[in-house]
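Below is one structure, written out as structure tokens; comments come after it.
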Amino acid sequence: MSVNLLDFDAKALAGFCVEIGEKSFRAKQLLRWIHRSGEVDFAGMSDLAKALRDKLSATAVIEPPRVISDHAAMDGTRKWLLSVGEGNGIETVFIPEASRGTLCVSSQVGCALACTFCSTGRQGFNRNLTVAEIIGQLWWANKALAEEFDGGGIRSRAVTNVVMMGMGEPLANFENVVTALDLMLDDNAYGLSRRRVTVSTSGLVPAMDRLRERCPVALAVSLHAPNDALRNELVPINKKYPIKELLAACRRYLQSAPRDFITFEYVMLDGVNDSAAHAHELVQLVRETPCKFNLIPFNPFPNSGYRRSSPEAVHRFRDVLMQAELITTVRKTRGDDIAAACGQLAGKVHDKTRRVSRGIVEAAR
Ligand code: SAH
Ligand code: SF4
């Protein structure tokens, strides 16, 4: 069976070259063709010898996930639904801004962590994405956007920042995500700086430590509550890794992080976690952890059971944090008209955990 070269970072590609009897430096050329030029056909790799191109065609493919649909929102946000086989689909979102273009990348088909306010979490879990499926989202976005703006060739790159904030928990798919991160940072591939690549986690403490050692990119942590009782409810993984342990892991992470703060994400749920008292409690909680806050107005989805906080509640909350000298931004909701906002990415997930039926059984007890 052919191997998919999109699954390989520089090191793995060098290993593959040696395996097929080539010098390992060919990996660099291959990386540039695959990721910088977006080439999928070995025949088009003009600076490789014909014999090598033939050998590659016989043993390997370059196969990104197939695009099922492509939506553009009024504000320029783009959303692609990519097929990942067996009727499953994942979503990738591109958010253009004046000085940067951010791609929101998915890491899993569904998510097993079941945060109560998250559409992906409600769908259950199917499987981890492969490296090709993760990096394929960036590969595809750069190619599609370049074709649109300058008629092909990935010279002027549209994607300047990547956030692992799509479907899934990136640190629950650790190896594949780290390999994809290596490619994002590799100068022969996407050449992004560590500061421009952000992993967002709901707080898998041991994996945060491993990320710090292996590939310390910028880190965002989904906090969402100022105490364990409420966080246990909203982010169930908190029962395993409570807030105190999570904050200690954040401080350890900062020793290697490319930025000198952690970004805390906080989804604003009307009447649940958005009072001034919650904000004051939060200020006390993070006193010893250098951080910034990103408040995310809740993005509704059918039968969520939650409402978005009012703009007044969001401002009041922000003001309490700002008065305590915590830098706080309110995330603008982008791509509303195509359901591309945080937490709305649904894709197509065939749940393998049968959480829904389990839930019914538990509720009946
Ligand atoms: N699993 C990771 C990354 C994906 S979710 C994590 O949980 O951090 C990216 C961000 O969107 C997280 O902060 C998540 O809590 C938030 N989010 C999820 N559902 C949301 C919703 N319905 N409205 C607003 N934000 C949401
Ligand atoms: Fe998973 Fe993140 Fe959604 Fe929680 S918020 S269910 S961790 S994707």
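Every chain in the structure tokens has a letter given in the order shown (A, B, ...), and although residue numbers restart at 1 in each chain, ligands are simply numbered from 1 in the order shown.
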All alpha helix (DSSP H) positions in region 37-246 of chain A, as a JSON list (two decimals) with C-alpha atoms, in the first residue's frame:
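After the write, part-v6.json holds the following:
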```json
[["chain", "number", "residue", "atom", "x", "y", "z"],
["A", 50, "LYS", "CA", 12.94, 11.17, -13.36],
["A", 51, "ALA", "CA", 13.99, 7.90, -11.72],
["A", 52, "LEU", "CA", 13.20, 9.28, -8.29],
["A", 53, "ARG", "CA", 9.86, 10.67, -9.41],
["A", 54, "ASP", "CA", 8.95, 7.23, -10.78],
["A", 55, "LYS", "CA", 10.01, 5.57, -7.57],
["A", 56, "LEU", "CA", 7.90, 7.99, -5.56],
["A", 57, "SER", "CA", 4.86, 7.43, -7.76],
["A", 58, "ALA", "CA", 5.20, 3.71, -7.21],
["A", 59, "THR", "CA", 5.44, 3.88, -3.42],
["A", 119, "SER", "CA", -21.74, 21.42, 19.79],
["A", 120, "THR", "CA", -18.78, 19.15, 18.96],
["A", 121, "GLY", "CA", -18.86, 17.77, 22.49],
["A", 122, "ARG", "CA", -22.55, 16.95, 22.18],
["A", 131, "VAL", "CA", -1.40, 13.99, 10.54],
["A", 132, "ALA", "CA", -2.42, 14.25, 6.86],
["A", 133, "GLU", "CA", -5.94, 15.24, 7.88],
["A", 134, "ILE", "CA", -4.69, 17.88, 10.33],
["A", 135, "ILE", "CA", -1.97, 19.44, 8.19],
["A", 136, "GLY", "CA", -4.21, 18.88, 5.15],
["A", 137, "GLN", "CA", -6.51, 21.60, 6.47],
["A", 138, "LEU", "CA", -3.69, 24.17, 6.32],
["A", 139, "TRP", "CA", -2.44, 22.74, 3.03],
["A", 140, "TRP", "CA", -5.90, 23.09, 1.56],
["A", 141, "ALA", "CA", -6.64, 26.56, 2.90],
["A", 142, "ASN", "CA", -3.38, 28.01, 1.59],
["A", 143, "LYS", "CA", -3.97, 26.45, -1.78],
["A", 144, "ALA", "CA", -7.60, 27.47, -2.09],
["A", 145, "LEU", "CA", -6.97, 31.02, -0.92],
["A", 146, "ALA", "CA", -3.88, 31.47, -3.12],
["A", 147, "GLU", "CA", -5.81, 30.31, -6.17],
["A", 148, "GLU", "CA", -8.43, 32.85, -5.40],
["A", 149, "PHE", "CA", -6.08, 35.76, -4.79],
["A", 150, "ASP", "CA", -3.16, 35.26, -7.13],
["A", 174, "PHE", "CA", -1.10, 14.29, 21.03],
["A", 175, "GLU", "CA", 1.34, 12.60, 18.64],
["A", 176, "ASN", "CA", -0.49, 13.49, 15.45],
["A", 177, "VAL", "CA", -1.06, 17.07, 16.57],
["A", 178, "VAL", "CA", 2.60, 17.55, 17.53],
["A", 179, "THR", "CA", 3.77, 16.15, 14.18],
["A", 180, "ALA", "CA", 1.40, 18.56, 12.40],
["A", 181, "LEU", "CA", 2.72, 21.41, 14.58],
["A", 182, "ASP", "CA", 6.28, 20.48, 13.57],
["A", 183, "LEU", "CA", 5.25, 20.92, 9.95],
["A", 184, "MET", "CA", 3.54, 24.26, 10.65],
["A", 185, "LEU", "CA", 6.80, 25.54, 12.17],
["A", 205, "VAL", "CA", -2.64, 18.48, 32.51],
["A", 206, "PRO", "CA", -0.14, 15.67, 31.73],
["A", 207, "ALA", "CA", -0.36, 16.44, 28.00],
["A", 208, "MET", "CA", 0.25, 20.15, 28.68],
["A", 209, "ASP", "CA", 3.54, 19.15, 30.30],
["A", 210, "ARG", "CA", 4.43, 16.97, 27.33],
["A", 211, "LEU", "CA", 3.62, 19.77, 24.90],
["A", 212, "ARG", "CA", 5.89, 22.09, 26.88],
["A", 213, "GLU", "CA", 8.75, 19.62, 26.38],
["A", 214, "ARG", "CA", 8.05, 18.64, 22.79],
["A", 228, "ASP", "CA", -14.34, 23.66, 40.64],
["A", 229, "ALA", "CA", -18.03, 23.18, 41.40],
["A", 230, "LEU", "CA", -19.10, 25.12, 38.32],
["A", 231, "ARG", "CA", -16.24, 23.93, 36.11],
["A", 232, "ASN", "CA", -17.03, 20.30, 36.96],
["A", 233, "GLU", "CA", -20.43, 20.92, 35.46],
["A", 234, "LEU", "CA", -19.37, 22.77, 32.31],
["A", 243, "ILE", "CA", -8.40, 24.04, 38.61],
["A", 244, "LYS", "CA", -5.52, 24.17, 41.07],
["A", 245, "GLU", "CA", -3.60, 21.50, 39.13],
["A", 246, "LEU", "CA", -4.51, 23.16, 35.86]]
```
Do a neighbour search on region 219-225 of chain A at 6 Å with only C-alpha atoms, toss out local chain neighbours closer than 4 positions, and write the hits as an mmCIF file with C-alpha atoms, in the first residue's frame.
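Everything below was put into around_18.cif:
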```cif
data_model
loop_
_atom_site.group_PDB
_atom_site.id
_atom_site.type_symbol
_atom_site.label_atom_id
_atom_site.label_comp_id
_atom_site.auth_asym_id
_atom_site.auth_seq_id
_atom_site.Cartn_x
_atom_site.Cartn_y
_atom_site.Cartn_z
ATOM 1 C CA THR A 198 -1.884 28.318 19.318
ATOM 2 C CA VAL A 199 -3.056 25.082 20.885
ATOM 3 C CA SER A 200 -6.312 25.402 22.802
ATOM 4 C CA THR A 201 -6.991 22.806 25.488
ATOM 5 C CA SER A 202 -9.730 22.121 27.972
ATOM 6 C CA LEU A 230 -19.100 25.119 38.317
ATOM 7 C CA ARG A 231 -16.240 23.935 36.114
ATOM 8 C CA ILE A 262 -1.471 32.019 28.983
ATOM 9 C CA THR A 263 -4.687 32.955 27.236
ATOM 10 C CA PHE A 264 -7.732 31.907 29.219
ATOM 11 C CA GLU A 265 -10.865 31.388 27.174
ATOM 12 C CA TYR A 266 -14.121 32.014 28.969
ATOM 13 C CA VAL A 267 -17.424 31.330 27.255
#
```
task: Throw together the list of residues within 6 Å of ligand 2, counting only C-alpha atoms and all ligand atoms, and drop it here as a ChimeraX atom specification.
output: /A:111,113-115,118,120-121,167-169,202
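The environment of Leu321 (chain A) within 7 Å, counting only C-alpha atoms and disregarding residues fewer than 5 places along the same chain, consists of Ala279, Val283, Leu326 and Thr328 of chain A.
What separates CA of Asp41 (chain A) from CA of Ser193 (chain A) is a distance of 28.4 Å.
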field: Residue among A:Ala73, A:Val217, A:Ile62, A:Ala112 lying closest to ligand 1, counting only C-alpha atoms and all ligand atoms
entry: A:Ala112
DSSP strand (DSSP E or B) selection over region 5-138 of chain A, as a short mmCIF file (atom, residue, chain, number, x, y, z; two decimals) with N, CA, C and O atoms, in the first residue's frame:
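File written: result-v5.cif
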```
data_model
loop_
_atom_site.label_atom_id
_atom_site.label_comp_id
_atom_site.auth_asym_id
_atom_site.auth_seq_id
_atom_site.Cartn_x
_atom_site.Cartn_y
_atom_site.Cartn_z
N ALA A 60 4.33 6.02 -3.10
CA ALA A 60 3.72 7.03 -2.22
C ALA A 60 2.63 7.83 -2.94
O ALA A 60 2.55 7.83 -4.17
N VAL A 61 1.82 8.49 -2.13
CA VAL A 61 0.83 9.44 -2.66
C VAL A 61 0.91 10.72 -1.82
O VAL A 61 1.49 10.73 -0.73
N ARG A 66 -10.58 15.27 1.13
CA ARG A 66 -11.41 15.81 0.05
C ARG A 66 -12.36 16.87 0.58
O ARG A 66 -12.90 16.73 1.69
N VAL A 67 -12.56 17.92 -0.23
CA VAL A 67 -13.46 19.00 0.21
C VAL A 67 -14.88 18.68 -0.22
O VAL A 67 -15.16 18.45 -1.40
N ILE A 68 -15.80 18.68 0.74
CA ILE A 68 -17.20 18.38 0.41
C ILE A 68 -17.96 19.68 0.16
O ILE A 68 -18.81 19.76 -0.71
N SER A 69 -17.69 20.70 0.99
CA SER A 69 -18.38 21.97 0.73
C SER A 69 -17.53 23.13 1.18
O SER A 69 -16.59 22.97 1.98
N ASP A 70 -17.87 24.30 0.65
CA ASP A 70 -17.06 25.51 0.83
C ASP A 70 -18.05 26.66 0.96
O ASP A 70 -18.82 26.93 0.05
N HIS A 71 -18.08 27.29 2.14
CA HIS A 71 -19.02 28.40 2.36
C HIS A 71 -18.26 29.68 2.65
O HIS A 71 -17.28 29.66 3.40
N ALA A 72 -18.75 30.78 2.10
CA ALA A 72 -18.16 32.09 2.41
C ALA A 72 -19.21 32.92 3.14
O ALA A 72 -20.36 33.02 2.69
N ARG A 78 -14.40 31.97 5.80
CA ARG A 78 -14.64 30.81 4.93
C ARG A 78 -14.71 29.56 5.79
O ARG A 78 -13.96 29.43 6.75
N LYS A 79 -15.57 28.65 5.40
CA LYS A 79 -15.65 27.39 6.14
C LYS A 79 -15.65 26.24 5.15
O LYS A 79 -16.44 26.24 4.21
N TRP A 80 -14.75 25.30 5.36
CA TRP A 80 -14.72 24.12 4.50
C TRP A 80 -15.11 22.89 5.30
O TRP A 80 -14.67 22.72 6.44
N LEU A 81 -15.92 22.06 4.67
CA LEU A 81 -16.23 20.75 5.25
C LEU A 81 -15.39 19.74 4.48
O LEU A 81 -15.47 19.64 3.25
N LEU A 82 -14.54 19.02 5.20
CA LEU A 82 -13.64 18.06 4.57
C LEU A 82 -14.08 16.64 4.92
O LEU A 82 -14.39 16.34 6.07
N SER A 83 -14.05 15.78 3.91
CA SER A 83 -14.41 14.39 4.16
C SER A 83 -13.23 13.66 4.79
O SER A 83 -12.09 13.77 4.33
N GLY A 89 -17.17 13.97 8.57
CA GLY A 89 -16.63 15.22 8.02
C GLY A 89 -16.14 16.12 9.14
O GLY A 89 -16.65 16.08 10.25
N ILE A 90 -15.11 16.91 8.85
CA ILE A 90 -14.61 17.88 9.83
C ILE A 90 -14.63 19.26 9.21
O ILE A 90 -14.60 19.40 7.99
N GLU A 91 -14.65 20.27 10.08
CA GLU A 91 -14.71 21.63 9.56
C GLU A 91 -13.44 22.41 9.89
O GLU A 91 -12.82 22.23 10.93
N THR A 92 -13.10 23.29 8.95
CA THR A 92 -11.95 24.19 9.07
C THR A 92 -12.44 25.58 8.72
O THR A 92 -13.19 25.74 7.76
N VAL A 93 -12.02 26.57 9.49
CA VAL A 93 -12.52 27.93 9.25
C VAL A 93 -11.36 28.90 9.06
O VAL A 93 -10.38 28.86 9.82
N PHE A 94 -11.47 29.75 8.05
CA PHE A 94 -10.47 30.80 7.81
C PHE A 94 -11.09 32.15 8.16
O PHE A 94 -12.18 32.49 7.69
N ILE A 95 -10.38 32.90 9.00
CA ILE A 95 -10.90 34.19 9.47
C ILE A 95 -9.94 35.30 9.04
O ILE A 95 -8.87 35.47 9.65
N PRO A 96 -10.29 36.05 7.98
CA PRO A 96 -9.39 37.12 7.55
C PRO A 96 -9.55 38.36 8.40
O PRO A 96 -10.67 38.73 8.77
N GLY A 101 -4.33 36.45 8.82
CA GLY A 101 -5.36 35.49 8.42
C GLY A 101 -5.22 34.29 9.32
O GLY A 101 -4.16 33.67 9.39
N THR A 102 -6.27 33.97 10.04
CA THR A 102 -6.19 32.89 11.03
C THR A 102 -6.99 31.68 10.56
O THR A 102 -8.14 31.81 10.15
N LEU A 103 -6.35 30.51 10.64
CA LEU A 103 -7.05 29.28 10.30
C LEU A 103 -7.34 28.52 11.59
O LEU A 103 -6.45 28.28 12.40
N CYS A 104 -8.62 28.15 11.73
CA CYS A 104 -9.05 27.40 12.91
C CYS A 104 -9.13 25.92 12.50
O CYS A 104 -9.95 25.54 11.67
N GLN A 108 -9.89 16.31 15.86
CA GLN A 108 -10.55 15.02 16.04
C GLN A 108 -11.92 15.05 15.33
O GLN A 108 -12.47 16.13 15.09
N VAL A 109 -12.43 13.86 15.04
CA VAL A 109 -13.80 13.76 14.55
C VAL A 109 -14.67 13.65 15.79
O VAL A 109 -14.70 12.61 16.45
N GLY A 110 -15.32 14.76 16.16
CA GLY A 110 -16.06 14.81 17.43
C GLY A 110 -15.11 15.08 18.58
O GLY A 110 -13.95 15.47 18.37
N PHE A 125 -17.80 11.11 19.99
CA PHE A 125 -16.45 11.00 19.45
C PHE A 125 -16.40 9.86 18.46
O PHE A 125 -16.99 8.81 18.67
N ASN A 126 -15.68 10.08 17.35
CA ASN A 126 -15.47 8.98 16.42
C ASN A 126 -14.02 8.53 16.41
O ASN A 126 -13.71 7.42 16.77
N ARG A 127 -13.10 9.46 16.06
CA ARG A 127 -11.69 9.06 16.04
C ARG A 127 -10.78 10.27 15.98
O ARG A 127 -11.23 11.38 15.74
N ASN A 128 -9.48 10.00 16.21
CA ASN A 128 -8.47 11.04 16.04
C ASN A 128 -8.23 11.28 14.55
O ASN A 128 -8.30 10.35 13.75
#
```
